[in-house]
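Undergrad: Contents of run-v9.cif (mmCIF, C-alpha atoms) are below:
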data_upload
loop_
_atom_site.label_atom_id
_atom_site.label_comp_id
_atom_site.auth_asym_id
_atom_site.auth_seq_id
_atom_site.Cartn_x
_atom_site.Cartn_y
_atom_site.Cartn_z
CA MET L 207 14.45 -18.08 11.33
CA ASN L 208 16.33 -15.19 9.79
CA ILE L 209 14.05 -12.25 9.21
CA GLY L 210 15.00 -9.03 7.44
CA VAL L 211 13.21 -5.81 8.34
CA VAL L 212 13.62 -2.96 5.86
CA THR L 213 13.97 0.64 6.96
CA PHE L 214 13.04 3.32 4.45
CA PRO L 215 13.39 7.04 5.11
CA GLY L 216 10.13 7.71 6.96
CA SER L 217 9.58 4.17 8.27
CA ASN L 218 8.46 4.44 11.88
CA CYS L 219 7.45 0.89 12.82
CA ASN L 220 10.77 -0.77 11.99
CA ALA L 221 11.94 -1.00 15.62
CA ASP L 222 8.62 -2.43 16.85
CA THR L 223 8.62 -4.91 14.00
CA GLU L 224 12.19 -5.98 14.76
CA PHE L 225 11.14 -6.45 18.41
CA ALA L 226 8.12 -8.59 17.52
CA ALA L 227 9.99 -10.63 14.92
CA ALA L 228 12.72 -11.49 17.45
CA LEU L 229 10.35 -12.67 20.21
CA ASP L 230 10.36 -16.30 19.09
CA GLY L 231 14.16 -16.37 18.95
CA SER L 232 14.48 -15.45 15.28
CA THR L 233 17.52 -13.49 14.21
CA VAL L 234 16.55 -10.10 12.86
CA HIS L 235 18.62 -8.46 10.12
CA ARG L 236 18.22 -4.74 9.64
CA LEU L 237 17.99 -3.88 5.97
CA TRP L 238 18.48 -0.37 4.62
CA HIS L 239 16.63 1.12 1.65
CA LYS L 240 19.91 1.69 -0.19
CA ASP L 241 21.11 -1.92 0.18
CA THR L 242 21.73 -3.67 -3.11
CA SER L 243 22.05 -7.19 -1.72
CA LEU L 244 20.44 -9.33 0.95
CA PRO L 245 22.02 -11.52 3.65
CA SER L 246 22.14 -14.98 2.05
CA GLN L 247 20.42 -16.81 4.90
CA LEU L 248 17.18 -14.79 4.96
CA ASP L 249 13.92 -16.74 5.33
CA ALA L 250 11.55 -13.79 5.33
CA ILE L 251 11.47 -10.04 4.77
CA ILE L 252 9.11 -7.61 6.44
CA LEU L 253 8.34 -4.14 5.08
CA PRO L 254 7.25 -2.20 8.15
CA GLY L 255 4.75 0.60 8.58
CA GLY L 256 5.43 4.30 8.43
CA PHE L 257 5.43 7.07 5.89
CA SER L 258 8.22 6.12 3.52
CA TYR L 259 9.44 9.11 1.52
CA GLY L 260 6.82 11.24 3.24
CA ASP L 261 4.02 9.50 1.32
CA TYR L 262 4.91 11.91 -1.50
CA LEU L 263 2.97 11.44 -4.73
CA ARG L 264 1.17 8.32 -3.39
CA THR L 265 1.80 6.06 -0.42
CA GLY L 266 4.58 3.65 -1.34
CA ALA L 267 5.07 5.15 -4.81
CA ILE L 268 8.67 6.27 -4.26
CA ALA L 269 9.74 3.49 -1.88
CA ARG L 270 8.89 0.97 -4.53
CA PHE L 271 11.83 2.24 -6.62
CA SER L 272 14.41 2.23 -3.82
CA PRO L 273 17.38 -0.11 -4.42
CA ILE L 274 16.35 -2.64 -1.74
CA MET L 275 12.99 -3.19 -3.43
CA GLN L 276 14.58 -4.80 -6.48
CA GLU L 277 16.16 -7.28 -4.05
CA VAL L 278 12.84 -7.79 -2.26
CA ILE L 279 11.04 -8.40 -5.56
CA ASP L 280 13.69 -10.93 -6.66
CA PHE L 281 13.50 -12.60 -3.24
CA ALA L 282 9.70 -12.87 -3.49
CA ASN L 283 9.83 -14.15 -7.05
CA LYS L 284 12.16 -16.94 -5.88
CA GLY L 285 9.59 -17.94 -3.25
CA GLY L 286 10.93 -16.02 -0.26
CA MET L 287 8.35 -14.93 2.29
CA VAL L 288 7.53 -11.23 2.28
CA MET L 289 5.09 -9.46 4.55
CA GLY L 290 4.08 -5.81 4.25
CA ILE L 291 2.48 -4.08 7.20
CA CYS L 292 0.50 -0.88 6.59
CA ASN L 293 2.88 1.28 4.52
CA GLY L 294 4.64 -2.00 3.68
CA PHE L 295 1.34 -3.28 2.22
CA GLN L 296 1.03 -0.07 0.22
CA ILE L 297 4.56 -0.57 -1.16
CA LEU L 298 3.74 -4.19 -2.12
CA THR L 299 0.70 -3.08 -4.14
CA GLU L 300 2.66 -0.25 -5.78
CA CYS L 301 5.40 -2.62 -6.91
CA GLY L 302 2.91 -5.18 -8.14
CA LEU L 303 3.77 -8.03 -5.78
CA LEU L 304 0.18 -7.77 -4.56
CA PRO L 305 -2.85 -6.75 -6.65
CA GLY L 306 -5.06 -3.71 -6.08
CA ALA L 307 -4.35 -0.43 -4.36
CA LEU L 308 -4.88 1.33 -1.05
CA ILE L 309 -6.56 4.69 -1.31
CA ARG L 310 -7.80 7.45 0.96
CA ASN L 311 -10.07 6.20 3.76
CA ALA L 312 -13.75 6.61 2.90
CA ASN L 313 -14.27 8.95 5.86
CA LEU L 314 -11.21 11.00 4.84
CA SER L 315 -9.79 10.68 8.36
CA PHE L 316 -6.62 9.12 9.67
CA VAL L 317 -7.95 6.25 11.79
CA CYS L 318 -5.91 5.07 14.77
CA LYS L 319 -7.69 2.47 16.90
CA ASP L 320 -7.98 -1.23 17.70
CA VAL L 321 -9.96 -3.21 15.16
CA TYR L 322 -11.11 -6.82 15.03
CA LEU L 323 -9.93 -9.11 12.28
CA ARG L 324 -11.31 -12.47 11.33
CA VAL L 325 -8.82 -15.03 10.06
CA GLU L 326 -10.40 -16.11 6.77
CA ASN L 327 -7.79 -18.63 5.78
CA ALA L 328 -5.63 -20.38 8.36
CA ASN L 329 -3.87 -22.51 5.79
CA THR L 330 -1.27 -19.89 4.87
CA ASN L 331 2.34 -19.12 5.77
CA PHE L 332 1.13 -16.16 7.80
CA THR L 333 -1.83 -17.63 9.70
CA ASN L 334 -0.96 -21.28 10.31
CA SER L 335 -0.65 -20.81 14.07
CA VAL L 336 -4.35 -19.93 14.45
CA THR L 337 -7.58 -21.51 13.33
CA LYS L 338 -9.98 -20.20 10.71
CA ASN L 339 -12.53 -17.68 12.00
CA THR L 340 -10.35 -16.70 14.97
CA VAL L 341 -10.99 -13.03 15.79
CA LEU L 342 -7.86 -10.99 16.53
CA ARG L 343 -7.75 -7.54 18.12
CA ILE L 344 -5.00 -5.54 16.43
CA PRO L 345 -4.58 -1.76 15.97
CA ILE L 346 -4.74 0.15 12.72
CA ALA L 347 -3.20 3.58 12.10
CA HIS L 348 -3.61 4.84 8.56
CA GLY L 349 -5.15 7.47 6.33
CA GLU L 350 -4.91 5.45 3.10
CA GLY L 351 -6.16 1.96 3.86
CA ARG L 352 -9.22 1.58 1.68
CA TYR L 353 -8.47 -1.51 -0.34
CA THR L 354 -9.69 -1.35 -3.89
CA ALA L 355 -9.18 -3.44 -7.01
CA PRO L 356 -11.03 -4.20 -10.24
CA LEU L 357 -14.07 -6.43 -9.68
CA GLU L 358 -12.48 -9.43 -11.38
CA VAL L 359 -9.47 -9.19 -9.05
CA ILE L 360 -11.73 -9.10 -5.98
CA GLU L 361 -13.64 -12.13 -7.26
CA GLU L 362 -10.38 -13.99 -7.83
CA LEU L 363 -9.07 -13.09 -4.34
CA GLU L 364 -12.29 -14.35 -2.77
CA ALA L 365 -12.50 -17.51 -4.88
CA GLU L 366 -8.90 -18.44 -4.09
CA GLN L 367 -9.28 -17.62 -0.39
CA ARG L 368 -6.56 -15.03 -0.67
CA VAL L 369 -8.40 -12.55 1.51
CA ILE L 370 -6.84 -13.72 4.73
CA PHE L 371 -7.99 -11.01 7.16
CA ARG L 372 -11.32 -9.19 7.15
CA TYR L 373 -12.50 -6.35 9.41
CA VAL L 374 -15.28 -7.63 11.65
CA THR L 375 -17.17 -6.73 14.81
CA PRO L 376 -15.84 -8.10 18.12
CA ALA L 377 -18.35 -10.93 17.62
CA GLY L 378 -16.85 -11.75 14.22
CA GLU L 379 -19.47 -10.26 11.86
CA ASP L 380 -18.22 -8.50 8.74
CA SER L 381 -20.73 -5.65 8.83
CA PRO L 382 -20.26 -2.17 7.30
CA GLU L 383 -19.95 -0.79 10.86
CA ALA L 384 -16.88 -2.95 11.42
CA ASN L 385 -15.18 -1.51 8.33
CA PRO L 386 -12.88 1.32 9.48
CA ASN L 387 -11.84 2.65 6.08
CA GLY L 388 -14.32 1.63 3.40
CA SER L 389 -12.27 -1.29 2.05
CA VAL L 390 -14.16 -3.40 -0.46
CA HIS L 391 -15.53 -6.56 1.19
CA ASN L 392 -14.01 -5.39 4.53
CA ILE L 393 -10.62 -6.58 3.25
CA ALA L 394 -7.79 -6.02 5.74
CA GLY L 395 -5.13 -8.38 4.40
CA ILE L 396 -4.45 -10.35 1.22
CA LEU L 397 -2.11 -12.99 -0.11
CA ASN L 398 -0.45 -13.32 -3.53
CA THR L 399 -1.20 -16.28 -5.81
CA ALA L 400 1.88 -18.24 -4.76
CA GLY L 401 1.12 -17.74 -1.07
CA ASN L 402 4.51 -16.27 -0.12
CA VAL L 403 3.66 -12.55 -0.13
CA MET L 404 1.12 -11.03 2.26
CA GLY L 405 0.06 -7.49 3.02
CA LEU L 406 -2.19 -6.19 5.78
CA MET L 407 -3.13 -2.73 7.00
CA PRO L 408 -3.36 -3.53 10.75
CA HIS L 409 -0.19 -3.56 12.83
CA PRO L 410 0.44 -7.02 14.36
CA GLU L 411 3.71 -5.74 15.88
CA ARG L 412 1.70 -3.27 17.95
CA ALA L 413 -0.16 -6.17 19.53
CA SER L 414 2.81 -8.33 20.40
CA ASP L 415 3.43 -7.68 24.09
CA PRO L 416 1.12 -7.61 27.14
CA LEU L 417 2.09 -3.95 27.57
CA ASN L 418 0.47 -3.26 24.19
CA GLY L 419 -2.88 -4.37 25.60
CA SER L 420 -3.14 -7.25 23.15
CA THR L 421 -0.83 -10.03 22.03
CA ASP L 422 -3.10 -11.14 19.19
CA GLY L 423 -0.62 -9.90 16.60
CA LEU L 424 1.94 -12.45 17.68
CA SER L 425 0.10 -15.15 15.75
CA VAL L 426 1.34 -13.67 12.48
CA PHE L 427 4.97 -13.75 13.60
CA THR L 428 4.53 -17.19 15.17
CA SER L 429 3.07 -18.52 11.91
CA ILE L 430 6.08 -17.33 9.94
CA ALA L 431 8.41 -18.92 12.50
CA LEU L 432 6.55 -22.25 12.47
CA LEU L 433 7.58 -22.82 8.90
CA ARG L 434 11.20 -23.43 9.73
CA SER L 435 10.97 -24.83 13.23
CA MET C 67 16.84 19.67 -28.77
CA LYS C 68 13.66 21.43 -27.73
CA THR C 69 12.31 22.25 -24.33
CA TYR C 70 8.71 21.61 -23.34
CA THR C 71 6.65 22.15 -20.25
CA ALA C 72 4.38 19.20 -19.48
CA HIS C 73 1.19 19.82 -17.51
CA VAL C 74 0.07 16.47 -16.09
CA THR C 75 -3.27 15.85 -14.38
CA VAL C 76 -3.81 12.69 -12.35
CA SER C 77 -7.21 11.78 -10.93
CA LEU C 78 -8.97 8.77 -9.45
CA ARG C 79 -10.53 6.48 -12.02
CA ARG C 80 -14.23 7.13 -12.59
CA ALA C 81 -15.15 3.73 -11.18
CA ILE C 82 -13.63 4.63 -7.81
CA LEU C 83 -15.62 6.76 -5.39
CA ASP C 84 -13.82 10.08 -4.94
CA VAL C 85 -14.76 10.88 -1.36
CA GLN C 86 -12.91 14.21 -1.37
CA GLY C 87 -14.80 15.26 -4.47
CA LYS C 88 -18.13 14.22 -2.89
CA THR C 89 -17.36 16.22 0.24
CA VAL C 90 -16.45 19.32 -1.75
CA GLU C 91 -19.59 18.89 -3.85
CA ARG C 92 -21.72 18.86 -0.70
CA ALA C 93 -19.92 22.00 0.52
CA LEU C 94 -20.63 23.75 -2.79
CA HIS C 95 -24.30 22.84 -2.54
CA SER C 96 -24.44 24.16 0.99
CA LEU C 97 -22.99 27.40 -0.40
CA HIS C 98 -26.04 27.60 -2.69
CA MET C 99 -24.28 26.50 -5.84
CA PRO C 100 -26.53 23.62 -6.88
CA ALA C 101 -25.53 23.97 -10.53
CA LEU C 102 -22.07 22.58 -9.71
CA SER C 103 -21.68 18.82 -9.38
CA ASN C 104 -19.51 15.80 -10.17
CA VAL C 105 -16.49 17.25 -8.38
CA ARG C 106 -13.32 15.24 -8.98
CA ILE C 107 -10.14 16.03 -7.08
CA GLY C 108 -6.77 15.09 -8.45
CA LYS C 109 -3.16 16.11 -8.67
CA TYR C 110 -1.36 18.48 -10.97
CA VAL C 111 2.28 17.83 -11.86
CA GLU C 112 4.34 20.22 -13.94
CA LEU C 113 7.71 19.29 -15.37
CA THR C 114 10.25 20.25 -18.00
CA VAL C 115 11.03 17.88 -20.87
CA GLN C 116 14.04 18.00 -23.16
CA ALA C 117 13.33 16.18 -26.40
CA PRO C 118 14.14 16.45 -30.11
CA ASP C 119 10.46 16.79 -31.03
CA GLU C 120 6.96 16.73 -29.62
CA ASP C 121 6.35 13.04 -30.33
CA ARG C 122 9.40 12.02 -28.32
CA ALA C 123 8.42 14.42 -25.53
CA LYS C 124 4.97 12.78 -25.42
CA GLU C 125 6.54 9.33 -25.18
CA LEU C 126 8.76 10.41 -22.31
CA VAL C 127 5.91 11.95 -20.33
CA ASP C 128 3.60 9.03 -21.03
CA ASP C 129 6.25 6.63 -19.74
CA ALA C 130 6.69 8.72 -16.58
CA CYS C 131 2.92 8.76 -16.02
CA LYS C 132 2.68 4.98 -16.37
CA LYS C 133 5.72 4.18 -14.22
CA LEU C 134 5.55 6.73 -11.45
CA LEU C 135 3.24 9.72 -11.68
CA SER C 136 0.05 7.66 -11.66
CA ASN C 137 -1.00 4.23 -10.44
CA PRO C 138 -3.04 2.71 -13.26
CA VAL C 139 -4.89 0.48 -10.78
CA MET C 140 -6.66 3.48 -9.31
CA GLU C 141 -5.85 6.55 -11.37
CA ASP C 142 -6.18 8.02 -14.85
CA TYR C 143 -3.87 10.68 -16.23
CA SER C 144 -3.80 13.19 -19.02
CA PHE C 145 -1.27 15.80 -20.04
CA ARG C 146 -0.55 18.57 -22.48
CA LEU C 147 2.79 19.82 -23.72
CA GLU C 148 3.76 23.39 -24.28
CA GLU C 149 6.91 24.21 -26.21
CA ARG C 150 9.05 26.72 -24.45
CA VAL C 151 10.22 29.37 -26.85
CA THR C 152 13.71 30.57 -26.15
CA SER C 153 14.19 34.31 -26.26
CA GLY C 154 17.44 34.06 -28.27
CA ALA C 155 16.11 36.32 -31.01
CA VAL C 156 15.75 39.30 -28.74
CA ALA C 157 18.53 41.79 -29.40
#
Could you write out this structure as structure tokens?
TA:
Amino acid sequence: MNIGVVTFPGSNCNADTEFAAALDGSTVHRLWHKDTSLPSQLDAIILPGGFSYGDYLRTGAIARFSPIMQEVIDFANKGGMVMGICNGFQILTECGLLPGALIRNANLSFVCKDVYLRVENANTNFTNSVTKNTVLRIPIAHGEGRYTAPLEVIEELEAEQRVIFRYVTPAGEDSPEANPNGSVHNIAGILNTAGNVMGLMPHPERASDPLNGSTDGLSVFTSIALLRS
Amino acid sequence: MKTYTAHVTVSLRRAILDVQGKTVERALHSLHMPALSNVRIGKYVELTVQAPDEDRAKELVDDACKKLLSNPVMEDYSFRLEERVTSGAVA
């Protein structure tokens, strides 16, 4: 696999993401926000977490117009796999590759802790290495992670099984207590209609090595790699 | 060409719970101001527009609001324009 990881000014998870993406032997290509072309052999692009452009105006609002994003959008529209983690997810909703928006957490606090995610759909490019209903322990670290979208969009996401991760209790129940940010339907990660673009607020790269305390995040990277192996 | 100042207000759409507004509302009530409610918190953006007339200036600002200054998925915007009068006539 050849995986591109974009660095924007203010990205701070790019190095961890490069580390996690390379664990299965994939070749990682560092992409810069000013790049106006992509390496021709890329199989997937990851937009990492951080605070691109200082979160000015809205999270992801400025990054979405950086030169590399036109390339990312073209890549996605041609079927290339794109994953956005945290700020990367926010950028994907701002640019319209994913529906909805991520707004201020319901408790108004920046929340940095491990959460539990239930895999709602294992038949995707990003979850095919695990089984449905698997519970993963992966950290979150965000102040704007409350997923919101018009009701009809939420209904469509649910009907098409495009909610792929949901915040749950350690036992796998999607209760209000398990919801760290007030996201509608405990949504933690969603897929686009074509199935090649995914965004999630939790940080799988921060749960990719035994030293992290959890390796549950590896399943996301392994799933991407399985596609070409 | 004329010069305008645009005063843009961006706020969360009514359908979306404004938790900051709710928190401030509770604080106002605890300060014994029960007559104040429905607090909405938003952003204020001020900018200068060069345009031949007010209609064109409105178009330019509206375009900026749709493309960048607001996210229509979660926010509404409104703005007013103020023509800046040059002081060329002053001797």
Undergrad: Could you check which of L:Leu263, L:Ala328, L:Leu424, L:Cys318 is closest to chain C, using all atoms listed in the file?
TA: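 Going through L:Leu263, L:Ala328, L:Leu424, L:Cys318 one by one, the smallest distance to chain C is for L:Leu263.
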Undergrad: Taking only C-alpha atoms into account, report as a compact mmCIF listing (two decimals) with C-alpha atoms, in the frame of the given file which residues of chain L lie within 8 Å of chain C.
TA:
# COMPACT_ATOMS: atom_id res chain seq x y z
CA LEU L 263 2.97 11.44 -4.73
CA ALA L 267 5.07 5.15 -4.81
CA ILE L 268 8.67 6.27 -4.26
CA GLU L 300 2.66 -0.25 -5.78
CA GLY L 306 -5.06 -3.71 -6.08
CA ALA L 307 -4.35 -0.43 -4.36
CA ALA L 312 -13.75 6.61 2.90
CA ASN L 313 -14.27 8.95 5.86
CA LEU L 314 -11.21 11.00 4.84
CA THR L 354 -9.69 -1.35 -3.89
CA ALA L 355 -9.18 -3.44 -7.01
CA PRO L 356 -11.03 -4.20 -10.24
Undergrad: Distance CA of Leu433 in chain L-CA of Asn331 in chain L, one decimal place?
TA: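 So the two atoms, CA of Leu433 in chain L and CA of Asn331 in chain L, lie 7.1 Å apart.
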Undergrad: Find the distance between CA of Met275 in chain L and CA of Ala226 in chain L and write it in Å to one decimal.
TA: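 About the pair CA of Met275 in chain L and CA of Ala226 in chain L: they are 22.2 Å apart.
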Undergrad: Please compute the CA of Val325 in chain L-CA of Arg270 in chain L distance, one decimal, in Å.
TA: 28.0 Å
Undergrad: Nearest residue to Met404 in chain L out of L:Cys301, L:Ile370, L:Leu323, L:Leu342, using all atoms listed in the file?
TA: L:Ile370
Undergrad: Around all the atoms of range 126-129 of chain C listed in the file, with 8 Å of room on each side, what axis-aligned box do you get, giving centre and edge lengths in Å to one decimal, as lines of an AutoDock Vina configuration file?
TA:
center_x = 6.2
center_y = 9.3
center_z = -21.0
size_x = 21.2
size_y = 21.3
size_z = 18.6
Undergrad: Skipping near chain neighbours, those fewer than 2 positions away, what residues fall within 10 Å of Lys124 in chain C using only C-alpha atoms, listed as a list in words?
TA: Tyr70, Ala72, Val115, Ala117, Asp119, Glu120, Asp121, Arg122, Leu126, Val127, Asp128, Asp129, Ala130, Phe145, Arg146 and Leu147 of chain C
Undergrad: Just write the chosen residues, C-alpha atoms, as a short mmCIF file (atom, residue, chain, number, x, y, z; two decimals), in the coordinates of the input.
TA:
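The resulting part.cif:
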data_model
loop_
_atom_site.label_atom_id
_atom_site.label_comp_id
_atom_site.auth_asym_id
_atom_site.auth_seq_id
_atom_site.Cartn_x
_atom_site.Cartn_y
_atom_site.Cartn_z
CA TYR C 70 8.71 21.61 -23.34
CA ALA C 72 4.38 19.20 -19.48
CA VAL C 115 11.03 17.88 -20.87
CA ALA C 117 13.33 16.18 -26.40
CA ASP C 119 10.46 16.79 -31.03
CA GLU C 120 6.96 16.73 -29.62
CA ASP C 121 6.35 13.04 -30.33
CA ARG C 122 9.40 12.02 -28.32
CA LEU C 126 8.76 10.41 -22.31
CA VAL C 127 5.91 11.95 -20.33
CA ASP C 128 3.60 9.03 -21.03
CA ASP C 129 6.25 6.63 -19.74
CA ALA C 130 6.69 8.72 -16.58
CA PHE C 145 -1.27 15.80 -20.04
CA ARG C 146 -0.55 18.57 -22.48
CA LEU C 147 2.79 19.82 -23.72
#
Undergrad: Could you state which residues are captured by the PyMOL selection byres ((chain L and resi 290-294) around 7) in this file, as a PyMOL selection string?
TA: chain L and resi 252-257+265-266+288-289+295-298+404-409
Undergrad: Using C-alpha atoms, can you export the residues from the last selection as a PDB file, keeping the file's coordinate frame?
TA:
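The result, written out as again.pdb:
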ATOM      1  CA  ILE L 252       9.110  -7.610   6.440  1.00  0.00           C
ATOM      2  CA  LEU L 253       8.340  -4.140   5.080  1.00  0.00           C
ATOM      3  CA  PRO L 254       7.250  -2.200   8.150  1.00  0.00           C
ATOM      4  CA  GLY L 255       4.750   0.600   8.580  1.00  0.00           C
ATOM      5  CA  GLY L 256       5.430   4.300   8.430  1.00  0.00           C
ATOM      6  CA  PHE L 257       5.430   7.070   5.890  1.00  0.00           C
ATOM      7  CA  THR L 265       1.800   6.060  -0.420  1.00  0.00           C
ATOM      8  CA  GLY L 266       4.580   3.650  -1.340  1.00  0.00           C
ATOM      9  CA  VAL L 288       7.530 -11.230   2.280  1.00  0.00           C
ATOM     10  CA  MET L 289       5.090  -9.460   4.550  1.00  0.00           C
ATOM     11  CA  PHE L 295       1.340  -3.280   2.220  1.00  0.00           C
ATOM     12  CA  GLN L 296       1.030  -0.070   0.220  1.00  0.00           C
ATOM     13  CA  ILE L 297       4.560  -0.570  -1.160  1.00  0.00           C
ATOM     14  CA  LEU L 298       3.740  -4.190  -2.120  1.00  0.00           C
ATOM     15  CA  MET L 404       1.120 -11.030   2.260  1.00  0.00           C
ATOM     16  CA  GLY L 405       0.060  -7.490   3.020  1.00  0.00           C
ATOM     17  CA  LEU L 406      -2.190  -6.190   5.780  1.00  0.00           C
ATOM     18  CA  MET L 407      -3.130  -2.730   7.000  1.00  0.00           C
ATOM     19  CA  PRO L 408      -3.360  -3.530  10.750  1.00  0.00           C
ATOM     20  CA  HIS L 409      -0.190  -3.560  12.830  1.00  0.00           C
TER      21      HIS L 409
END
Undergrad: Show me, as a PyMOL selection string, the residues that have an atom within 7 Å of Gly108 in chain C when counting all atoms listed in the file, minus same-chain residues fewer than 4 positions from it.
TA: chain C and resi 75-78
Undergrad: Nearest residue to Glu91 in chain C out of C:Ile107, C:Arg79, C:His73, C:Gln116, using all atoms listed in the file?
TA: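 Using all atoms listed in the file, Glu91 in chain C sits closest to C:Ile107.
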Undergrad: Since I can't run it myself right now, could you work out what the PyMOL selection byres ((chain L and resi 207-211) around 8) selects here and report it as a list of chain:residue names?
TA: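 Answer for the PyMOL selection byres ((chain L and resi 207-211) around 8): L:Val212, L:Thr213, L:Asn220, L:Thr223, L:Glu224, L:Ala227, L:Gly231, L:Ser232, L:Thr233, L:Val234, L:His235, L:Arg236, L:Leu237, L:Gln247, L:Leu248, L:Asp249, L:Ala250, L:Ile251, L:Ile252, L:Leu253, L:Pro254, L:Ala431, L:Arg434, L:Ser435.
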Undergrad: I'd like the residues picked by the PyMOL selection byres ((chain L and resi 382-391) around 8) written out as a compact mmCIF listing (two decimals) with C-alpha atoms, keeping the file's coordinate frame, using the chain letters and numbers from the file.
TA:
# COMPACT_ATOMS: atom_id res chain seq x y z
CA ASN L 311 -10.07 6.20 3.76
CA ALA L 312 -13.75 6.61 2.90
CA ASN L 313 -14.27 8.95 5.86
CA VAL L 317 -7.95 6.25 11.79
CA VAL L 321 -9.96 -3.21 15.16
CA TYR L 322 -11.11 -6.82 15.03
CA GLY L 351 -6.16 1.96 3.86
CA ARG L 352 -9.22 1.58 1.68
CA TYR L 353 -8.47 -1.51 -0.34
CA THR L 354 -9.69 -1.35 -3.89
CA ARG L 372 -11.32 -9.19 7.15
CA TYR L 373 -12.50 -6.35 9.41
CA VAL L 374 -15.28 -7.63 11.65
CA THR L 375 -17.17 -6.73 14.81
CA GLU L 379 -19.47 -10.26 11.86
CA ASP L 380 -18.22 -8.50 8.74
CA SER L 381 -20.73 -5.65 8.83
CA ASN L 392 -14.01 -5.39 4.53
CA ILE L 393 -10.62 -6.58 3.25
CA ALA L 394 -7.79 -6.02 5.74
Undergrad: For each of L:Asn418, L:Ser425, L:Thr330, L:Ser335, take the minimum atom-to-atom distance to Thr399 in chain L, counting only C-alpha atoms, then give the residue where this is smallest.
TA: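 Going through L:Asn418, L:Ser425, L:Thr330, L:Ser335 one by one, the smallest distance to Thr399 in chain L is for L:Thr330.
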Undergrad: Which is closer to Ala228 in chain L than all the others in L:Ser414, L:Val341, L:Thr421, L:Ser243, using only C-alpha atoms?
TA: L:Ser414
Undergrad: Quick one: of L:Ile274, L:Ala221, L:Ala365, L:Ala269, who's nearest to Leu244 in chain L, counting only C-alpha atoms?
TA: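 Among the listed residues, L:Ile274 lies closest to Leu244 in chain L.
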Undergrad: Find the spatial neighbours of Arg412 in chain L, counting all atoms listed in the file, within a cut-off of 8 Å - ignore same-chain residues fewer than 4 positions away - and output them as a list in words.
TA: Asp222, Ile344, Pro345, Asn418 and Gly423 of chain L
Undergrad: Next, write the just-selected residues to a file, as a PDB file, keeping the file's coordinate frame, keeping C-alpha atoms as the atom set.
TA:
ATOM      1  CA  ASP L 222       8.620  -2.430  16.850  1.00  0.00           C
ATOM      2  CA  ILE L 344      -5.000  -5.540  16.430  1.00  0.00           C
ATOM      3  CA  PRO L 345      -4.580  -1.760  15.970  1.00  0.00           C
ATOM      4  CA  ASN L 418       0.470  -3.260  24.190  1.00  0.00           C
ATOM      5  CA  GLY L 423      -0.620  -9.900  16.600  1.00  0.00           C
TER       6      GLY L 423
END
Undergrad: As a PDB file, in the frame of the given file, please: range 114-126 of chain C completed to N, CA and C atoms.
TA:
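Resulting contents of rebuild20.pdb:
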ATOM      1  N   THR C 114       9.575  19.817 -16.777  1.00  0.00           N
ATOM      2  CA  THR C 114      10.250  20.250 -18.000  1.00  0.00           C
ATOM      3  C   THR C 114      10.769  19.019 -18.744  1.00  0.00           C
ATOM      4  N   VAL C 115      10.585  19.010 -20.046  1.00  0.00           N
ATOM      5  CA  VAL C 115      11.030  17.880 -20.870  1.00  0.00           C
ATOM      6  C   VAL C 115      11.981  18.382 -21.950  1.00  0.00           C
ATOM      7  N   GLN C 116      13.115  17.724 -22.057  1.00  0.00           N
ATOM      8  CA  GLN C 116      14.040  18.000 -23.160  1.00  0.00           C
ATOM      9  C   GLN C 116      13.882  16.882 -24.176  1.00  0.00           C
ATOM     10  N   ALA C 117      13.525  17.213 -25.388  1.00  0.00           N
ATOM     11  CA  ALA C 117      13.330  16.180 -26.400  1.00  0.00           C
ATOM     12  C   ALA C 117      13.540  16.783 -27.783  1.00  0.00           C
ATOM     13  N   PRO C 118      13.911  15.935 -28.762  1.00  0.00           N
ATOM     14  CA  PRO C 118      14.140  16.450 -30.110  1.00  0.00           C
ATOM     15  C   PRO C 118      12.856  16.947 -30.770  1.00  0.00           C
ATOM     16  N   ASP C 119      11.723  16.333 -30.441  1.00  0.00           N
ATOM     17  CA  ASP C 119      10.460  16.790 -31.030  1.00  0.00           C
ATOM     18  C   ASP C 119       9.305  16.454 -30.094  1.00  0.00           C
ATOM     19  N   GLU C 120       8.111  16.882 -30.490  1.00  0.00           N
ATOM     20  CA  GLU C 120       6.960  16.730 -29.620  1.00  0.00           C
ATOM     21  C   GLU C 120       6.566  15.261 -29.417  1.00  0.00           C
ATOM     22  N   ASP C 121       6.711  14.463 -30.465  1.00  0.00           N
ATOM     23  CA  ASP C 121       6.350  13.040 -30.330  1.00  0.00           C
ATOM     24  C   ASP C 121       7.192  12.353 -29.276  1.00  0.00           C
ATOM     25  N   ARG C 122       8.495  12.639 -29.304  1.00  0.00           N
ATOM     26  CA  ARG C 122       9.400  12.020 -28.320  1.00  0.00           C
ATOM     27  C   ARG C 122       9.072  12.539 -26.906  1.00  0.00           C
ATOM     28  N   ALA C 123       8.772  13.834 -26.825  1.00  0.00           N
ATOM     29  CA  ALA C 123       8.420  14.420 -25.530  1.00  0.00           C
ATOM     30  C   ALA C 123       7.179  13.728 -24.966  1.00  0.00           C
ATOM     31  N   LYS C 124       6.197  13.470 -25.843  1.00  0.00           N
ATOM     32  CA  LYS C 124       4.970  12.780 -25.420  1.00  0.00           C
ATOM     33  C   LYS C 124       5.289  11.389 -24.893  1.00  0.00           C
ATOM     34  N   GLU C 125       6.149  10.689 -25.611  1.00  0.00           N
ATOM     35  CA  GLU C 125       6.540   9.330 -25.180  1.00  0.00           C
ATOM     36  C   GLU C 125       7.157   9.353 -23.794  1.00  0.00           C
ATOM     37  N   LEU C 126       8.057  10.318 -23.591  1.00  0.00           N
ATOM     38  CA  LEU C 126       8.760  10.410 -22.310  1.00  0.00           C
ATOM     39  C   LEU C 126       7.795  10.679 -21.166  1.00  0.00           C
TER      40      LEU C 126
END
